[in-house]
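Here the structure is laid out as structure tokens; the discussion comes afterwards.
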Amino acid sequence: MLVGLLATNNAAAGNVYRWVDAQGKVHFGDRPATTDHAEQLDIEVGQGWQPFAIQVFYEAGLASLPQQPLDQARIQREVNWVYRFYDQVLYFDFFRQVPVSIHVFPDVGSYQRYVSAHVAGPFPPSLGIYLPVSNEIAVYLQPSELGGIENTYNTIRHEASHAIMDSLASRLPLWLNEGVAEQMETLSWADNRFVINAHQMNRAVLDHYRDQAMDVLAFVEIPGDEWQARLESGPNQAMAGQLVYRLLSTSYGRACVTRLLQDYKRGERLRSYYLLDKHYIGSVAAFKLHWSQWLASGMKQPERVVLQ
């Protein structure tokens, strides 16, 4: 049995309320059902941007708790950061986009059983997953050794990126798909601008595996089956994250990412190598040189990427 919690808002009025009913369930809406224990939330809304309603479902064991382990207002706010980032930074049109729902499990066992029932064939160990058929994100409450509740929020933002990619660009290389999703883990919104902080784990992992890292031009051409085979034994995820972070840290790199995604959104079938050669300033030769120089520098700069 699942209990659904629907977060909505009235973007024009800018009023979003949070309240708890007599059964202890948390609700969100533009009009509270009762003024008792109703809290008005401060959700920033830029000109022309209207946040999406996000459904969060707790598995039965969690739904019965008097207080939910995840902050509903925070989920609403941060998932909308991801949608807004795609809309305002990468220029994706969400006019027909159906917002993703989020299904939270109490532990890895219940999460894996649910995913096994909804995914054909084996799937690698994961902290969360996007399920296209039901347009939902499945996550579990991570224990402290995996980062705890804070990393659970990071995982939700990561998977929200995959949900957007899946709905808007069916043919997308995994390095780009995973690389952008990794940036969403450190994404924040402050002073009317996005901030992406350096992903310390990605940097540490890639630095550790530096001698085993692939040539970057070979890396962007890895087919999906090989990517999955290398996922547990190499720095694929970390390299994808660092590669996209470096691209987003410069204006010409951001332009390249935007053009790549727009090409794939239109159904482009050219391989990454040729699209990078077309869109990256100085062609693939400069792309490889810039990456090699940054890798050799230890990837310590910039500490964050600020996007106006």
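Chain labels follow the order of the structure tokens: the first chain is A, the next B, and so on; residue numbering restarts at 1 in every chain, and ligands are counted from 1 in their shown order.
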
### Message
Set the distance at 7 Å and use only C-alpha atoms: which residues neighbour region 197-210 of chain A once local chain neighbours fewer than 3 positions away are removed? I'd like the list as a list in words.
### Response
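Neighbouring residues, sequence-local ones excluded: Thr186, Leu187, Ala213, Pro235, Ala238, Met239, Gly241, Gln242, Met299, Glu303, Arg304 and Val305 of chain A.
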
### Task
Would you list, as a PyMOL selection string, the residues of region 35-280 of chain A that end up in strand (DSSP E or B) under DSSP run on this structure's backbone?
chain A and resi 39-41+54-58+101-105+128-131+136-140+187-190+193-197

Please provide the set of residues having any atom within 12 Å of Val115 (chain A), restricted to only C-alpha atoms, with same-chain residues fewer than 6 positions apart removed, written as a short mmCIF file (atom, residue, chain, number, x, y, z; two decimals) with all heavy atoms, in the first residue's frame.
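Heads up, here's the output in around_13.cif:
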data_model
loop_
_atom_site.label_atom_id
_atom_site.label_comp_id
_atom_site.auth_asym_id
_atom_site.auth_seq_id
_atom_site.Cartn_x
_atom_site.Cartn_y
_atom_site.Cartn_z
N HIS A 103 9.29 7.62 -5.64
CA HIS A 103 8.88 6.49 -4.80
C HIS A 103 10.04 6.19 -3.85
O HIS A 103 11.14 5.84 -4.29
CB HIS A 103 8.58 5.28 -5.69
CG HIS A 103 7.87 4.18 -5.00
ND1 HIS A 103 7.10 3.26 -5.67
CD2 HIS A 103 7.80 3.82 -3.70
CE1 HIS A 103 6.60 2.39 -4.83
NE2 HIS A 103 7.02 2.71 -3.61
N VAL A 104 9.79 6.33 -2.55
CA VAL A 104 10.83 6.20 -1.54
C VAL A 104 10.66 4.89 -0.76
O VAL A 104 9.56 4.58 -0.27
CB VAL A 104 10.79 7.38 -0.55
CG1 VAL A 104 11.94 7.28 0.45
CG2 VAL A 104 10.86 8.71 -1.31
N PHE A 105 11.77 4.14 -0.64
CA PHE A 105 11.77 2.86 0.06
C PHE A 105 12.62 2.97 1.33
O PHE A 105 13.58 3.74 1.38
CB PHE A 105 12.31 1.76 -0.85
CG PHE A 105 11.41 1.46 -2.01
CD1 PHE A 105 11.50 2.22 -3.18
CD2 PHE A 105 10.44 0.48 -1.94
CE1 PHE A 105 10.66 1.98 -4.25
CE2 PHE A 105 9.59 0.23 -3.00
CZ PHE A 105 9.70 0.98 -4.16
N VAL A 108 17.56 -0.86 1.16
CA VAL A 108 18.02 -1.32 -0.15
C VAL A 108 17.29 -2.59 -0.58
O VAL A 108 17.05 -2.80 -1.78
CB VAL A 108 19.55 -1.52 -0.16
CG1 VAL A 108 19.96 -2.64 0.80
CG2 VAL A 108 20.06 -1.80 -1.55
N GLY A 109 16.91 -3.45 0.39
CA GLY A 109 16.24 -4.70 0.03
C GLY A 109 14.89 -4.46 -0.61
O GLY A 109 14.58 -5.03 -1.67
N GLY A 121 15.50 -8.03 -16.90
CA GLY A 121 16.89 -8.46 -16.82
C GLY A 121 17.60 -7.89 -15.61
O GLY A 121 17.03 -7.15 -14.81
N PRO A 122 18.88 -8.23 -15.45
CA PRO A 122 19.66 -7.77 -14.29
C PRO A 122 19.95 -6.28 -14.37
O PRO A 122 19.99 -5.70 -15.45
CB PRO A 122 20.95 -8.59 -14.39
CG PRO A 122 21.09 -8.91 -15.84
CD PRO A 122 19.68 -9.09 -16.35
N PHE A 123 20.16 -5.67 -13.23
CA PHE A 123 20.53 -4.26 -13.20
C PHE A 123 21.66 -4.09 -12.19
O PHE A 123 21.73 -4.80 -11.19
CB PHE A 123 19.33 -3.38 -12.84
CG PHE A 123 18.74 -3.65 -11.48
CD1 PHE A 123 19.14 -2.90 -10.37
CD2 PHE A 123 17.79 -4.64 -11.30
CE1 PHE A 123 18.60 -3.14 -9.13
CE2 PHE A 123 17.24 -4.89 -10.04
CZ PHE A 123 17.66 -4.13 -8.96
N PRO A 124 22.58 -3.16 -12.45
CA PRO A 124 23.72 -2.98 -11.55
C PRO A 124 23.30 -2.38 -10.22
O PRO A 124 22.24 -1.75 -10.13
CB PRO A 124 24.63 -2.02 -12.33
CG PRO A 124 23.69 -1.26 -13.21
CD PRO A 124 22.62 -2.24 -13.59
N PRO A 125 24.10 -2.55 -9.17
CA PRO A 125 23.79 -1.91 -7.89
C PRO A 125 23.65 -0.41 -8.08
O PRO A 125 24.39 0.21 -8.83
CB PRO A 125 25.02 -2.25 -7.03
CG PRO A 125 25.61 -3.46 -7.65
CD PRO A 125 25.35 -3.34 -9.12
N SER A 126 22.67 0.18 -7.40
CA SER A 126 22.41 1.60 -7.59
C SER A 126 21.80 2.19 -6.33
O SER A 126 21.27 1.47 -5.48
CB SER A 126 21.48 1.82 -8.78
OG SER A 126 20.22 1.19 -8.55
N LEU A 127 21.89 3.50 -6.22
CA LEU A 127 21.27 4.22 -5.11
C LEU A 127 19.88 4.70 -5.48
O LEU A 127 19.08 5.04 -4.61
CB LEU A 127 22.14 5.42 -4.71
CG LEU A 127 23.57 5.10 -4.29
CD1 LEU A 127 24.34 6.38 -4.00
CD2 LEU A 127 23.59 4.17 -3.08
N GLY A 128 19.62 4.76 -6.76
CA GLY A 128 18.32 5.19 -7.27
C GLY A 128 18.23 4.87 -8.74
O GLY A 128 19.23 4.54 -9.39
N ILE A 129 17.03 4.94 -9.28
CA ILE A 129 16.84 4.61 -10.69
C ILE A 129 15.62 5.36 -11.22
O ILE A 129 14.67 5.62 -10.48
CB ILE A 129 16.66 3.09 -10.89
CG1 ILE A 129 16.76 2.71 -12.37
CG2 ILE A 129 15.35 2.60 -10.27
CD1 ILE A 129 16.82 1.21 -12.60
N TYR A 130 15.69 5.72 -12.50
CA TYR A 130 14.52 6.28 -13.17
C TYR A 130 13.86 5.17 -13.98
O TYR A 130 14.51 4.47 -14.75
CB TYR A 130 14.91 7.43 -14.10
CG TYR A 130 13.76 7.86 -14.99
CD1 TYR A 130 12.62 8.43 -14.44
CD2 TYR A 130 13.81 7.67 -16.37
CE1 TYR A 130 11.54 8.80 -15.23
CE2 TYR A 130 12.74 8.04 -17.18
CZ TYR A 130 11.61 8.60 -16.60
OH TYR A 130 10.55 8.96 -17.38
N LEU A 131 12.54 4.99 -13.78
CA LEU A 131 11.77 3.96 -14.48
C LEU A 131 10.87 4.64 -15.51
O LEU A 131 9.86 5.26 -15.17
CB LEU A 131 10.92 3.18 -13.47
CG LEU A 131 11.71 2.48 -12.36
CD1 LEU A 131 10.77 1.91 -11.30
CD2 LEU A 131 12.59 1.38 -12.95
N PRO A 132 11.24 4.55 -16.80
CA PRO A 132 10.51 5.29 -17.84
C PRO A 132 9.05 4.89 -17.99
O PRO A 132 8.20 5.75 -18.28
CB PRO A 132 11.30 4.96 -19.12
CG PRO A 132 12.65 4.50 -18.65
CD PRO A 132 12.41 3.83 -17.35
N VAL A 133 8.74 3.61 -17.82
CA VAL A 133 7.37 3.15 -18.07
C VAL A 133 6.38 3.86 -17.16
O VAL A 133 5.30 4.29 -17.59
CB VAL A 133 7.27 1.62 -17.90
CG1 VAL A 133 5.81 1.17 -18.01
CG2 VAL A 133 8.12 0.91 -18.96
N SER A 134 6.74 4.01 -15.90
CA SER A 134 5.86 4.66 -14.94
C SER A 134 6.24 6.12 -14.68
O SER A 134 5.58 6.80 -13.89
CB SER A 134 5.87 3.90 -13.61
OG SER A 134 7.20 3.73 -13.14
N GLU A 136 8.73 7.40 -13.03
CA GLU A 136 8.97 7.60 -11.60
C GLU A 136 10.44 7.36 -11.27
O GLU A 136 11.16 6.64 -11.96
CB GLU A 136 8.10 6.68 -10.76
CG GLU A 136 8.49 5.21 -10.84
CD GLU A 136 7.71 4.33 -9.86
OE1 GLU A 136 7.40 4.80 -8.75
OE2 GLU A 136 7.43 3.17 -10.23
N ILE A 137 10.86 7.99 -10.19
CA ILE A 137 12.17 7.77 -9.61
C ILE A 137 11.98 6.87 -8.39
O ILE A 137 11.12 7.14 -7.55
CB ILE A 137 12.81 9.09 -9.18
CG1 ILE A 137 13.16 9.94 -10.40
CG2 ILE A 137 14.06 8.86 -8.33
CD1 ILE A 137 13.53 11.37 -10.06
N ALA A 138 12.76 5.81 -8.30
CA ALA A 138 12.75 4.96 -7.12
C ALA A 138 14.08 5.16 -6.39
O ALA A 138 15.15 5.10 -7.00
CB ALA A 138 12.58 3.49 -7.50
N VAL A 139 14.02 5.43 -5.10
CA VAL A 139 15.21 5.60 -4.26
C VAL A 139 14.94 4.93 -2.92
O VAL A 139 13.79 4.63 -2.57
CB VAL A 139 15.57 7.08 -4.02
CG1 VAL A 139 15.90 7.79 -5.31
CG2 VAL A 139 14.44 7.80 -3.28
N TYR A 140 16.01 4.70 -2.16
CA TYR A 140 15.83 4.23 -0.79
C TYR A 140 16.59 5.15 0.15
O TYR A 140 17.47 5.90 -0.28
CB TYR A 140 16.30 2.78 -0.63
CG TYR A 140 17.77 2.52 -0.87
CD1 TYR A 140 18.68 2.53 0.19
CD2 TYR A 140 18.26 2.24 -2.15
CE1 TYR A 140 20.02 2.29 -0.02
CE2 TYR A 140 19.59 1.99 -2.36
CZ TYR A 140 20.48 2.01 -1.30
OH TYR A 140 21.81 1.78 -1.51
#

Quick one: everything within 9 Å of Ser292 (chain A), counting only C-alpha atoms, minus sequence neighbours fewer than 5 positions away in the same chain. Send it as a JSON list (two decimals) with C-alpha atoms, in the first residue's frame.
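Generated file (out.json):
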[["chain", "number", "residue", "atom", "x", "y", "z"],
["A", 216, "VAL", "CA", 38.91, 11.02, -23.68],
["A", 287, "PHE", "CA", 38.73, 19.20, -26.66],
["A", 297, "SER", "CA", 46.36, 20.03, -13.03]]

### region 68-71 of chain A environment, 9 Å, only C-alpha atoms, sequence neighbours closer than 3 positions dropped, as a ChimeraX atom specification
/A:25-26,58,62-65,74-76,141,149,152-153

#### Entry: Two-atom distance - CA of Met214 (chain A), CA of Gly282 (chain A) (Å)
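For CA of Met214 (chain A) relative to CA of Gly282 (chain A), the distance reads 21.3 Å.
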
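With only C-alpha atoms as the atoms that count, the minimum distance from Trp81 (chain A) to the choices A:Glu145, A:Asn192, A:Gly179, A:Tyr114 is reached by A:Asn192.
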
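The residue that comes closest to Pro173 (chain A), out of A:His279, A:Arg246, A:Arg269, A:Arg77 and on the basis of only C-alpha atoms, is A:Arg269.
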
### All helix (DSSP H, G or I) residues (DSSP, backbone) inside region 156-224 of chain A, as a PyMOL selection string
chain A and resi 156-168+174-184+200-208+210-212+216-219+224

Take the residues from that selection and write them out as a PDB file, in the first residue's frame, keeping C-alpha atoms.
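Output (result-v5.pdb):
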ATOM      1  CA  ILE A 156      16.771  12.242  -6.284  1.00  0.00           C
ATOM      2  CA  ARG A 157      18.188  15.247  -8.171  1.00  0.00           C
ATOM      3  CA  HIS A 158      20.503  12.945 -10.162  1.00  0.00           C
ATOM      4  CA  GLU A 159      17.625  10.723 -11.235  1.00  0.00           C
ATOM      5  CA  ALA A 160      15.427  13.730 -12.031  1.00  0.00           C
ATOM      6  CA  SER A 161      18.028  14.640 -14.653  1.00  0.00           C
ATOM      7  CA  HIS A 162      17.706  11.176 -16.198  1.00  0.00           C
ATOM      8  CA  ALA A 163      13.929  11.554 -16.266  1.00  0.00           C
ATOM      9  CA  ILE A 164      14.215  14.765 -18.268  1.00  0.00           C
ATOM     10  CA  MET A 165      16.815  13.314 -20.624  1.00  0.00           C
ATOM     11  CA  ASP A 166      14.710  10.216 -21.268  1.00  0.00           C
ATOM     12  CA  SER A 167      11.625  12.239 -22.142  1.00  0.00           C
ATOM     13  CA  LEU A 168      13.364  14.696 -24.437  1.00  0.00           C
ATOM     14  CA  LEU A 174      25.901   7.689 -21.615  1.00  0.00           C
ATOM     15  CA  TRP A 175      28.881   9.928 -20.845  1.00  0.00           C
ATOM     16  CA  LEU A 176      26.703  12.986 -21.490  1.00  0.00           C
ATOM     17  CA  ASN A 177      23.590  11.612 -19.807  1.00  0.00           C
ATOM     18  CA  GLU A 178      25.473  10.534 -16.678  1.00  0.00           C
ATOM     19  CA  GLY A 179      27.800  13.519 -16.724  1.00  0.00           C
ATOM     20  CA  VAL A 180      24.987  16.070 -16.563  1.00  0.00           C
ATOM     21  CA  ALA A 181      23.163  14.005 -13.920  1.00  0.00           C
ATOM     22  CA  GLU A 182      26.283  14.058 -11.738  1.00  0.00           C
ATOM     23  CA  GLN A 183      26.205  17.874 -11.795  1.00  0.00           C
ATOM     24  CA  MET A 184      22.664  17.869 -10.455  1.00  0.00           C
ATOM     25  CA  GLN A 200      34.606  15.877  -4.530  1.00  0.00           C
ATOM     26  CA  MET A 201      33.930  12.145  -4.834  1.00  0.00           C
ATOM     27  CA  ASN A 202      34.139  12.244  -8.630  1.00  0.00           C
ATOM     28  CA  ARG A 203      37.429  14.118  -8.457  1.00  0.00           C
ATOM     29  CA  ALA A 204      38.883  11.724  -5.884  1.00  0.00           C
ATOM     30  CA  VAL A 205      37.833   8.603  -7.807  1.00  0.00           C
ATOM     31  CA  LEU A 206      39.149   9.850 -11.143  1.00  0.00           C
ATOM     32  CA  ASP A 207      42.380  11.005  -9.528  1.00  0.00           C
ATOM     33  CA  HIS A 208      42.801   7.549  -8.004  1.00  0.00           C
ATOM     34  CA  ARG A 210      44.014   8.379 -13.449  1.00  0.00           C
ATOM     35  CA  ASP A 211      46.462   5.834 -14.898  1.00  0.00           C
ATOM     36  CA  GLN A 212      43.541   3.610 -15.924  1.00  0.00           C
ATOM     37  CA  VAL A 216      38.909  11.021 -23.684  1.00  0.00           C
ATOM     38  CA  LEU A 217      38.027  10.685 -27.380  1.00  0.00           C
ATOM     39  CA  ALA A 218      37.662   6.920 -26.939  1.00  0.00           C
ATOM     40  CA  PHE A 219      35.676   7.502 -23.749  1.00  0.00           C
ATOM     41  CA  GLY A 224      26.143   1.235 -23.654  1.00  0.00           C
TER      42      GLY A 224
END
